[in-house]
$ cat target09.csv   # CSV, C-alpha atoms
chain,number,residue,atom,x,y,z
A,21,MET,CA,0.0,0.0,0.0
A,22,THR,CA,2.8,2.4,1.0
A,23,LYS,CA,4.6,1.5,-2.3
A,24,LEU,CA,1.5,2.3,-4.3
A,25,LYS,CA,1.1,5.7,-2.5
A,26,ILE,CA,4.7,6.5,-3.3
A,27,GLN,CA,4.2,5.7,-7.0
A,28,ILE,CA,1.1,7.9,-7.2
A,29,LEU,CA,2.8,10.8,-5.4
A,30,SER,CA,5.8,10.4,-7.8
A,31,SER,CA,3.5,10.5,-10.8
A,32,LEU,CA,1.7,13.6,-9.6
A,33,ALA,CA,5.0,15.3,-8.9
A,34,ALA,CA,6.3,14.5,-12.3
A,35,THR,CA,3.1,15.8,-13.9
A,36,VAL,CA,3.4,19.0,-12.0
A,37,LEU,CA,7.0,19.5,-13.0
A,38,PHE,CA,6.1,18.8,-16.7
A,39,LEU,CA,3.3,21.3,-16.8
A,40,SER,CA,5.0,24.0,-14.6
A,41,PRO,CA,6.3,26.1,-17.6
A,42,ALA,CA,2.7,26.4,-19.0
A,43,LEU,CA,1.1,27.3,-15.7
A,44,PRO,CA,2.0,31.1,-15.6
A,45,ALA,CA,0.7,31.6,-19.1
A,46,PHE,CA,-2.5,29.8,-18.2
A,47,ALA,CA,-2.9,32.0,-15.1
A,48,GLN,CA,-2.3,35.1,-17.2
A,49,GLY,CA,-4.9,34.4,-19.8
A,50,GLY,CA,-7.3,32.8,-17.5
A,51,VAL,CA,-10.5,33.9,-15.8
A,52,GLY,CA,-8.6,36.3,-13.5
A,53,SER,CA,-6.8,38.3,-16.3
A,54,THR,CA,-7.2,42.1,-16.1
A,55,THR,CA,-7.4,44.7,-18.8
A,56,GLY,CA,-3.8,45.6,-18.1
A,57,ASP,CA,-2.8,42.0,-18.8
A,58,LYS,CA,-4.6,42.1,-22.1
A,59,ALA,CA,-2.9,45.3,-23.1
A,60,ILE,CA,0.5,43.7,-22.3
A,61,LYS,CA,-0.4,40.7,-24.4
A,62,LEU,CA,-1.4,42.9,-27.4
A,63,GLU,CA,1.9,44.7,-27.1
A,64,GLU,CA,3.7,41.4,-27.1
A,65,VAL,CA,1.8,40.3,-30.2
A,66,LYS,CA,2.6,43.6,-31.9
A,67,ALA,CA,6.2,43.3,-31.0
A,68,LYS,CA,6.4,39.8,-32.4
A,69,ARG,CA,4.7,41.0,-35.7
A,70,ILE,CA,7.2,43.9,-36.0
A,71,GLU,CA,10.0,41.4,-35.4
A,72,LEU,CA,8.6,39.1,-38.1
A,73,ILE,CA,8.2,41.9,-40.7
A,74,LYS,CA,11.7,43.1,-40.0
A,75,ALA,CA,13.1,39.6,-40.5
A,76,ARG,CA,11.2,39.2,-43.8
A,77,ALA,CA,12.4,42.7,-44.9
A,78,ASN,CA,16.0,41.8,-44.1
A,79,GLU,CA,15.7,38.6,-46.1
A,80,GLU,CA,14.4,40.5,-49.1
A,81,ILE,CA,17.1,43.1,-48.9
A,82,ASP,CA,19.8,40.4,-48.6
A,83,ARG,CA,18.5,38.6,-51.6
A,84,ARG,CA,18.6,41.8,-53.7
A,85,ILE,CA,22.1,42.8,-52.5
A,86,LYS,CA,23.4,39.3,-53.3
A,87,ALA,CA,21.9,39.6,-56.8
A,88,LEU,CA,23.4,43.0,-57.2
A,89,ASP,CA,26.9,41.8,-56.1
A,90,ARG,CA,26.7,38.9,-58.7
A,91,LEU,CA,25.7,41.4,-61.4
A,92,SER,CA,28.4,43.8,-60.4
A,93,ALA,CA,31.1,41.1,-61.0
A,94,ARG,CA,29.6,40.3,-64.4
A,95,VAL,CA,29.4,43.9,-65.4
A,96,ALA,CA,33.0,44.5,-64.5
A,97,ALA,CA,34.0,41.6,-67.0
A,98,MET,CA,32.1,43.2,-69.9
A,99,LYS,CA,34.3,44.2,-72.9
A,100,ARG,CA,32.3,45.1,-75.9
A,101,VAL,CA,29.8,47.6,-74.5
A,102,SER,CA,30.8,51.3,-74.4
A,103,ASP,CA,32.5,52.7,-71.3
A,104,ALA,CA,29.5,55.0,-70.8
A,105,GLN,CA,27.1,52.1,-70.8
A,106,LYS,CA,29.3,50.0,-68.5
A,107,ASN,CA,29.8,52.9,-66.1
A,108,ASN,CA,26.1,53.7,-66.1
A,109,ILE,CA,25.0,50.2,-65.1
A,110,ALA,CA,27.9,49.9,-62.6
A,111,SER,CA,26.8,53.2,-61.0
A,112,THR,CA,23.2,52.1,-60.9
A,113,VAL,CA,24.1,48.9,-59.1
A,114,ALA,CA,26.3,50.7,-56.6
A,115,THR,CA,23.5,53.3,-55.9
A,116,GLU,CA,20.9,50.6,-55.5
A,117,LYS,CA,23.1,48.9,-52.9
A,118,ILE,CA,23.5,52.1,-50.9
A,119,ASN,CA,19.8,52.8,-51.1
A,120,LEU,CA,19.0,49.3,-49.9
A,121,GLU,CA,21.4,49.5,-47.0
A,122,ASN,CA,19.9,52.9,-46.0
A,123,LEU,CA,16.5,51.3,-46.1
A,124,ARG,CA,17.7,48.4,-44.0
A,125,ALA,CA,18.8,50.8,-41.4
A,126,LYS,CA,15.5,52.7,-41.5
A,127,ILE,CA,13.6,49.4,-41.1
A,128,ALA,CA,15.7,48.3,-38.2
A,129,ALA,CA,14.9,51.6,-36.4
A,130,ASP,CA,11.1,51.5,-37.2
A,131,THR,CA,8.9,51.2,-34.2
A,132,ASP,CA,5.5,52.1,-35.8
A,133,LEU,CA,3.9,49.1,-37.4
A,134,GLU,CA,2.3,51.0,-40.3
A,135,THR,CA,5.5,52.8,-41.2
A,136,LEU,CA,7.4,49.5,-41.1
A,137,LYS,CA,4.8,47.8,-43.4
A,138,ALA,CA,5.1,50.7,-45.9
A,139,ASP,CA,8.9,50.5,-45.8
A,140,GLN,CA,8.8,46.7,-46.3
A,141,ARG,CA,6.5,47.2,-49.4
A,142,SER,CA,8.9,49.9,-50.7
A,143,ILE,CA,11.6,47.2,-51.1
A,144,ALA,CA,9.8,45.9,-54.1
A,145,THR,CA,7.8,48.9,-55.3
A,146,SER,CA,10.3,51.7,-55.0
A,147,TYR,CA,13.7,50.1,-55.5
A,148,ARG,CA,13.0,48.0,-58.6
A,149,VAL,CA,16.0,45.8,-58.2
A,150,PHE,CA,14.5,42.7,-59.7
A,151,ALA,CA,12.0,44.5,-61.9
A,152,LEU,CA,14.6,46.7,-63.7
A,153,VAL,CA,18.2,46.7,-62.5
A,154,ILE,CA,18.9,43.0,-62.6
A,155,PRO,CA,17.3,42.2,-66.0
A,156,GLN,CA,18.8,45.4,-67.4
A,157,GLY,CA,22.3,44.4,-66.3
A,158,GLU,CA,21.9,40.8,-67.4
A,159,ILE,CA,20.8,42.0,-70.9
A,160,LEU,CA,23.9,44.1,-71.2
A,161,VAL,CA,26.1,41.2,-70.1
A,162,ALA,CA,24.4,38.9,-72.6
A,163,GLY,CA,24.6,41.5,-75.4
A,164,ASP,CA,28.3,42.0,-74.6
A,165,ARG,CA,28.9,38.3,-74.7
A,166,ILE,CA,27.1,37.9,-78.1
A,167,LYS,CA,29.4,40.6,-79.5
A,168,THR,CA,32.5,39.0,-78.0
A,169,ILE,CA,31.6,35.6,-79.5
A,170,ALA,CA,30.7,37.3,-82.8
A,171,ASP,CA,34.3,38.7,-82.9
A,172,SER,CA,35.8,35.3,-82.4
A,173,MET,CA,33.5,33.8,-85.0
A,174,THR,CA,34.5,36.5,-87.5
A,175,THR,CA,38.1,35.6,-87.1
A,176,ILE,CA,37.3,31.9,-87.5
A,177,GLY,CA,35.2,32.9,-90.6
A,178,GLY,CA,38.4,34.3,-92.1
A,179,LYS,CA,40.2,31.0,-91.5
A,180,LEU,CA,37.3,29.0,-93.0
A,181,GLU,CA,37.3,31.3,-96.1
A,182,SER,CA,41.1,30.9,-96.5
A,183,ARG,CA,40.7,27.1,-96.4
A,184,ILE,CA,37.8,27.2,-98.9
A,185,ASN,CA,39.9,29.3,-101.3
A,186,GLU,CA,42.8,27.0,-101.0
A,187,ALA,CA,40.5,24.0,-101.8
A,188,LYS,CA,39.0,26.0,-104.7
A,189,ASN,CA,42.4,26.9,-106.1
A,190,SER,CA,43.4,23.2,-106.1
A,191,GLY,CA,40.3,22.4,-108.2
A,192,LYS,CA,37.9,21.1,-105.5
A,193,ASP,CA,34.2,21.8,-105.7
A,194,VAL,CA,33.4,24.2,-102.9
A,195,ALA,CA,30.1,25.7,-104.1
A,196,SER,CA,28.1,24.4,-101.1
A,197,LEU,CA,30.8,25.4,-98.7
A,198,GLU,CA,30.8,29.0,-100.1
A,199,THR,CA,27.0,29.0,-99.6
A,200,TYR,CA,27.5,28.0,-95.9
A,201,LEU,CA,30.1,30.7,-95.5
A,202,THR,CA,27.9,33.4,-96.9
A,203,ASP,CA,25.1,32.3,-94.5
A,204,TYR,CA,27.7,32.1,-91.6
A,205,LYS,CA,28.8,35.7,-92.2
A,206,ALA,CA,25.2,37.0,-92.5
A,207,LYS,CA,24.2,35.3,-89.2
A,208,ILE,CA,27.1,36.8,-87.4
A,209,ALA,CA,26.3,40.3,-88.7
A,210,ASP,CA,22.7,39.9,-87.7
A,211,ALA,CA,23.7,38.6,-84.2
A,212,ILE,CA,25.8,41.8,-83.7
A,213,LEU,CA,22.8,44.0,-84.8
A,214,LYS,CA,20.5,42.2,-82.4
A,215,ALA,CA,23.0,42.5,-79.5
A,216,ASP,CA,23.4,46.3,-80.3
A,217,ALA,CA,19.6,46.7,-80.4
A,218,ALA,CA,19.3,45.0,-77.0
A,219,ILE,CA,22.1,47.0,-75.4
A,220,ASN,CA,20.9,50.3,-76.7
A,221,GLY,CA,17.3,49.4,-75.8
A,222,VAL,CA,18.0,49.1,-72.1
A,223,SER,CA,21.0,51.3,-71.5
A,224,ALA,CA,19.0,54.4,-70.7
A,225,LEU,CA,16.2,52.9,-68.7
A,226,THR,CA,15.7,54.4,-65.3
A,227,PRO,CA,13.5,53.4,-62.3
A,228,ASP,CA,9.8,54.3,-62.6
A,229,ASN,CA,9.6,55.7,-59.1
A,230,GLY,CA,6.0,54.6,-58.8
A,231,SER,CA,4.9,55.7,-62.3
A,232,THR,CA,2.7,52.9,-63.7
A,233,ALA,CA,3.2,54.2,-67.3
A,234,LYS,CA,6.9,54.2,-66.9
A,235,ALA,CA,6.9,50.8,-65.3
A,236,ALA,CA,5.0,49.4,-68.2
A,237,ALA,CA,7.4,51.1,-70.7
A,238,ASN,CA,10.4,49.8,-68.9
A,239,ARG,CA,8.9,46.3,-68.9
A,240,ALA,CA,8.2,46.5,-72.6
A,241,ALA,CA,11.7,47.7,-73.4
A,242,LEU,CA,13.2,44.8,-71.3
A,243,GLN,CA,11.0,42.3,-73.1
A,244,THR,CA,12.0,43.6,-76.5
A,245,ALA,CA,15.7,43.5,-75.6
A,246,ARG,CA,15.3,40.0,-74.2
A,247,GLU,CA,13.8,38.9,-77.5
A,248,ASN,CA,16.7,40.5,-79.4
A,249,ILE,CA,19.1,38.6,-77.1
A,250,ARG,CA,17.3,35.4,-77.9
A,251,LYS,CA,17.4,36.0,-81.7
A,252,GLY,CA,21.1,36.9,-81.4
A,253,MET,CA,21.8,33.6,-79.7
A,254,GLU,CA,19.9,31.8,-82.4
A,255,ASP,CA,22.0,33.5,-85.1
A,256,LEU,CA,25.2,32.5,-83.4
A,257,ARG,CA,24.0,28.9,-83.1
A,258,ALA,CA,23.0,28.8,-86.7
A,259,ALA,CA,26.4,30.3,-87.7
A,260,ARG,CA,28.1,27.6,-85.5
A,261,GLU,CA,26.2,25.0,-87.4
A,262,ASP,CA,27.4,26.5,-90.7
A,263,ALA,CA,30.9,26.3,-89.5
A,264,ARG,CA,30.5,22.7,-88.5
A,265,LYS,CA,29.3,21.9,-92.0
A,266,ILE,CA,32.1,23.8,-93.6
A,267,VAL,CA,34.8,22.0,-91.5
A,268,GLN,CA,33.1,18.7,-92.2
A,269,GLY,CA,32.9,19.5,-96.0
A,270,LEU,CA,36.6,20.5,-96.1
A,271,LYS,CA,37.5,17.2,-94.4
A,272,SER,CA,35.3,15.2,-96.8
A,273,ILE,CA,36.8,16.7,-99.9
A,274,GLY,CA,40.3,16.1,-98.5
A,275,ALA,CA,41.2,19.7,-98.4
A,276,ALA,CA,43.9,19.5,-95.6
A,277,GLY,CA,45.0,22.8,-94.1
A,278,ASN,CA,48.6,24.0,-94.4
A,279,ALA,CA,49.1,25.5,-91.0
A,280,SER,CA,49.1,23.2,-88.1
A,281,ALA,CA,49.8,25.4,-85.1
A,282,SER,CA,47.1,25.5,-82.5
A,283,SER,CA,48.2,27.6,-79.6
A,284,THR,CA,45.5,29.7,-78.1
A,285,ILE,CA,45.7,33.5,-78.6
A,286,PRO,CA,43.5,35.5,-76.2
A,287,ARG,CA,41.5,38.2,-78.0
A,288,GLU,CA,41.0,41.6,-76.6
B,4,MET,CA,56.7,2.7,-13.0
B,5,SER,CA,54.1,3.7,-10.5
B,6,ASN,CA,50.4,3.7,-11.3
B,7,THR,CA,50.2,7.5,-10.9
B,8,LEU,CA,52.9,8.0,-13.5
B,9,LYS,CA,51.1,5.7,-15.9
B,10,THR,CA,47.9,7.6,-15.5
B,11,ILE,CA,49.6,10.9,-16.1
B,12,ILE,CA,51.3,9.6,-19.3
B,13,ILE,CA,48.1,8.1,-20.6
B,14,GLY,CA,46.2,11.4,-19.8
B,15,LEU,CA,48.8,13.4,-21.7
B,16,ALA,CA,48.7,11.1,-24.6
B,17,VAL,CA,44.9,11.4,-24.7
B,18,ILE,CA,45.2,15.2,-24.6
B,19,VAL,CA,47.7,15.3,-27.4
B,20,LEU,CA,45.5,13.0,-29.6
B,21,ILE,CA,42.4,15.2,-28.9
B,22,GLY,CA,44.5,18.3,-29.8
B,23,LEU,CA,45.7,16.7,-33.1
B,24,GLY,CA,42.1,15.6,-33.9
B,25,TRP,CA,40.9,19.2,-33.3
B,26,LYS,CA,43.6,20.7,-35.5
B,27,PHE,CA,42.8,18.3,-38.3
B,28,TYR,CA,39.1,19.1,-38.0
B,29,ILE,CA,39.7,22.9,-38.1
B,30,ASP,CA,42.1,22.6,-41.1
B,31,LYS,CA,39.6,20.5,-43.0
B,32,ASN,CA,36.7,22.9,-42.3
B,33,TYR,CA,38.7,26.0,-43.3
B,34,SER,CA,39.8,24.4,-46.6
B,35,ASP,CA,36.2,23.4,-47.3
B,36,ILE,CA,35.1,27.1,-46.7
B,37,GLY,CA,37.8,28.2,-49.1
B,38,LEU,CA,36.5,25.7,-51.7
B,39,GLU,CA,32.9,26.9,-51.2
B,40,GLU,CA,33.9,30.5,-51.6
B,41,SER,CA,35.7,29.8,-54.9
B,42,ALA,CA,32.6,27.9,-56.0
B,43,ASN,CA,30.4,30.9,-55.4
B,44,VAL,CA,32.1,33.0,-58.0
B,45,PRO,CA,29.4,33.9,-60.5
B,46,ALA,CA,29.4,31.7,-63.5
B,47,GLY,CA,30.8,33.3,-66.6
B,48,VAL,CA,32.5,36.2,-64.9
B,49,GLU,CA,36.0,35.1,-66.1
B,50,ASN,CA,34.8,34.0,-69.5
B,51,GLN,CA,34.1,37.3,-71.2
B,52,THR,CA,37.2,36.9,-73.3
B,53,ALA,CA,36.8,34.6,-76.2
B,54,SER,CA,39.8,32.9,-77.7
B,55,VAL,CA,40.8,31.8,-81.2
B,56,SER,CA,43.6,29.4,-81.9
B,57,SER,CA,46.3,30.3,-84.5
B,58,GLY,CA,46.5,28.4,-87.7
B,59,THR,CA,43.9,27.0,-90.2
B,60,SER,CA,44.5,23.3,-89.8
B,61,ASP,CA,41.6,20.9,-89.1
B,62,ALA,CA,42.8,20.6,-85.5
B,63,ALA,CA,43.0,24.3,-85.0
B,64,LEU,CA,39.5,24.8,-86.5
B,65,ASP,CA,38.1,21.9,-84.3
B,66,LYS,CA,39.6,23.6,-81.3
B,67,ASP,CA,38.1,27.0,-82.3
B,68,LEU,CA,34.6,25.5,-82.6
B,69,LEU,CA,35.0,23.8,-79.2
B,70,ASN,CA,35.8,27.2,-77.7
B,71,ILE,CA,32.8,28.7,-79.4
B,72,ASP,CA,30.6,25.9,-78.0
B,73,ALA,CA,31.8,26.7,-74.5
B,74,GLU,CA,31.1,30.4,-75.1
B,75,LEU,CA,27.6,29.7,-76.4
B,76,ASN,CA,26.9,27.6,-73.3
B,77,THR,CA,27.9,30.5,-71.1
B,78,LEU,CA,25.7,32.7,-73.2
B,79,SER,CA,22.8,30.3,-72.5
B,80,SER,CA,23.5,30.8,-68.8
B,81,ASP,CA,23.4,34.6,-69.3
B,82,SER,CA,20.1,34.3,-71.1
B,83,ALA,CA,18.7,32.2,-68.2
B,84,SER,CA,19.8,34.9,-65.8
B,85,ILE,CA,17.7,37.5,-67.7
B,86,ASP,CA,14.6,35.3,-67.4
B,87,GLN,CA,15.3,34.7,-63.7
B,88,GLY,CA,15.4,38.5,-63.2
B,89,LEU,CA,12.3,39.2,-65.3
B,90,ASN,CA,10.2,36.4,-63.6
B,91,ASP,CA,11.4,36.9,-60.1
B,92,LYS,CA,8.6,37.2,-57.5
B,93,PRO,CA,9.5,38.8,-54.1
B,94,ILE,CA,8.7,36.9,-50.9
B,95,PRO,CA,5.1,38.0,-49.9
B,96,PRO,CA,5.1,40.7,-47.3
B,97,ALA,CA,4.4,39.7,-43.7
B,98,GLU,CA,0.8,40.8,-42.8

$ encode --input "target09.csv" --output "structure tokens"
Amino acid sequence: MTKLKIQILSSLAATVLFLSPALPAFAQGGVGSTTGDKAIKLEEVKAKRIELIKARANEEIDRRIKALDRLSARVAAMKRVSDAQKNNIASTVATEKINLENLRAKIAADTDLETLKADQRSIATSYRVFALVIPQGEILVAGDRIKTIADSMTTIGGKLESRINEAKNSGKDVASLETYLTDYKAKIADAILKADAAINGVSALTPDNGSTAKAAANRAALQTARENIRKGMEDLRAAREDARKIVQGLKSIGAAGNASASSTIPRE
Amino acid sequence: MSNTLKTIIIGLAVIVLIGLGWKFYIDKNYSDIGLEESANVPAGVENQTASVSSGTSDAALDKDLLNIDAELNTLSSDSASIDQGLNDKPIPPAE
């Protein structure tokens, strides 16, 4: 009997210990809670909400700053856009980063819930990092790369032409290879035009600062430029296919090249 | 050799082994961090310079076309980054 009593008392003690952390909260919100207690609870809820919004805002700002840093490195590596275009986008990226850090500081200091919510909304609506700056920069990077590749392919085109002429002079039938070469050159020229159109189409875009009409115009310009990049890429891929056919054709007609060196020469 | 001396020697040996283990762990982790940092360099940053080999031999042309393929692949990555930017949706605001 005594053993049973000890077991029951032990179980009760364990239960009380287990529930003890919850007891004060239960007491606070229970029948005996006062208006003052409720006000304290509301303040606690508000403080938690503010904390949550600040955490989300920081997350959004971090994401944008990381994207801007990535873009900044890619912009620095561009070679074929003008210095003015390169400096313009580099300056925009740097300014956006400063603005976002200032906004982060403001948000950290916000104590009023409504002000905080407005500041959080402004990350997307006023700063336009993802809506304008990132796609604008990425289009410039892609346009620059198209022009760089086109330069290399133009040089390679000269070599292909030289090989075709050698084969022709030695009496080989190179008519189909000449057709491929003509198409190759046309595709490269078109790729450069498309890249220039894309670069020039987005270089001068500026943030809309809340103007719906300007936001729509910016969006349309970015979409057009994006389409030009896509067409420029298609041109280069088509030219690459022409080159493959020419090389294959030269090999099949037994037109061996004279030069054999193959060291890599970096192009500027 | 007394039991106390044996205990002290064994204790010292254990401390030395733990120390070596800790050093190995720290070295490995730092080298992993270094590798991760290098891996985080944005794709294509260093590739904005195309290259063309010298000569017009078949081998030189094949090499040129391989270089162009690599450049075109990087361009595809650039193109995907444009779409990522245009289609990005921000995290919904906390209400």

$ residues_around --input "target09.csv" --residues "stretch 82-87 of chain B" --least-positions-apart "6" --cutoff "10 Å" --atoms "all atoms listed in the file" --output "list of chain:residue names"
A:Leu91, A:Phe150, A:Ile154, A:Pro155, A:Gln156, A:Gly157, A:Glu158, A:Ile159, A:Leu160, A:Val161, A:Ala162, A:Gly163, A:Leu242, A:Gln243, A:Arg246, A:Ile249, A:Arg250, A:Met253, B:Asn76

$ closest_residue --input "target09.csv" --among "A:Ser196, A:Thr131, A:Thr232, A:Ser92" --to "chain B" --atoms "all atoms listed in the file"
A:Ser92

$ closest_residue --input "target09.csv" --among "A:Lys167, A:Lys251, A:Arg90, A:Lys126" --to "chain B" --atoms "only C-alpha atoms"
A:Arg90

$ atom_distance --input "target09.csv" --atom1 "atom CA of B:Thr59" --atom2 "atom CA of A:Thr168"
20.6 Å

$ atom_distance --input "target09.csv" --atom1 "atom CA of A:Ala59" --atom2 "atom CA of A:Ile127"
24.8 Å

$ residues_around --input "target09.csv" --residues "B:Asp67" --least-positions-apart "4" --cutoff "10 Å" --atoms "only C-alpha atoms" --output "JSON, numbers by chain"
{"A": [172, 173, 175, 176, 282, 284], "B": [53, 54, 55, 56, 57, 59, 61, 62, 63, 71, 72]}

$ write_last_selection --input "target09.csv" --atoms "C-alpha atoms" --output "short mmCIF file (atom, residue, chain, number, x, y, z; two decimals), in the coordinates of the input"
data_model
loop_
_atom_site.label_atom_id
_atom_site.label_comp_id
_atom_site.auth_asym_id
_atom_site.auth_seq_id
_atom_site.Cartn_x
_atom_site.Cartn_y
_atom_site.Cartn_z
CA SER A 172 35.80 35.30 -82.40
CA MET A 173 33.50 33.80 -85.00
CA THR A 175 38.10 35.60 -87.10
CA ILE A 176 37.30 31.90 -87.50
CA SER A 282 47.10 25.50 -82.50
CA THR A 284 45.50 29.70 -78.10
CA ALA B 53 36.80 34.60 -76.20
CA SER B 54 39.80 32.90 -77.70
CA VAL B 55 40.80 31.80 -81.20
CA SER B 56 43.60 29.40 -81.90
CA SER B 57 46.30 30.30 -84.50
CA THR B 59 43.90 27.00 -90.20
CA ASP B 61 41.60 20.90 -89.10
CA ALA B 62 42.80 20.60 -85.50
CA ALA B 63 43.00 24.30 -85.00
CA ILE B 71 32.80 28.70 -79.40
CA ASP B 72 30.60 25.90 -78.00
#

$ residues_near_point --input "target09.csv" --point "(17.3, 50.6, -68.6)" --cutoff "8 Å" --atoms "only C-alpha atoms" --output "PDB file with C-alpha atoms, in the frame of the given file"
ATOM      1  CA  LEU A 152      14.600  46.700 -63.700  1.00  0.00           C
ATOM      2  CA  VAL A 153      18.200  46.700 -62.500  1.00  0.00           C
ATOM      3  CA  GLN A 156      18.800  45.400 -67.400  1.00  0.00           C
ATOM      4  CA  GLY A 221      17.300  49.400 -75.800  1.00  0.00           C
ATOM      5  CA  VAL A 222      18.000  49.100 -72.100  1.00  0.00           C
ATOM      6  CA  SER A 223      21.000  51.300 -71.500  1.00  0.00           C
ATOM      7  CA  ALA A 224      19.000  54.400 -70.700  1.00  0.00           C
ATOM      8  CA  LEU A 225      16.200  52.900 -68.700  1.00  0.00           C
ATOM      9  CA  THR A 226      15.700  54.400 -65.300  1.00  0.00           C
ATOM     10  CA  PRO A 227      13.500  53.400 -62.300  1.00  0.00           C
ATOM     11  CA  ASN A 238      10.400  49.800 -68.900  1.00  0.00           C
ATOM     12  CA  ALA A 241      11.700  47.700 -73.400  1.00  0.00           C
ATOM     13  CA  LEU A 242      13.200  44.800 -71.300  1.00  0.00           C
TER      14      LEU A 242
END

$ closest_residue --input "target09.csv" --among "B:Ser60, B:Thr77, B:Lys92, B:Ile21" --to "chain A" --atoms "only C-alpha atoms"
B:Ser60
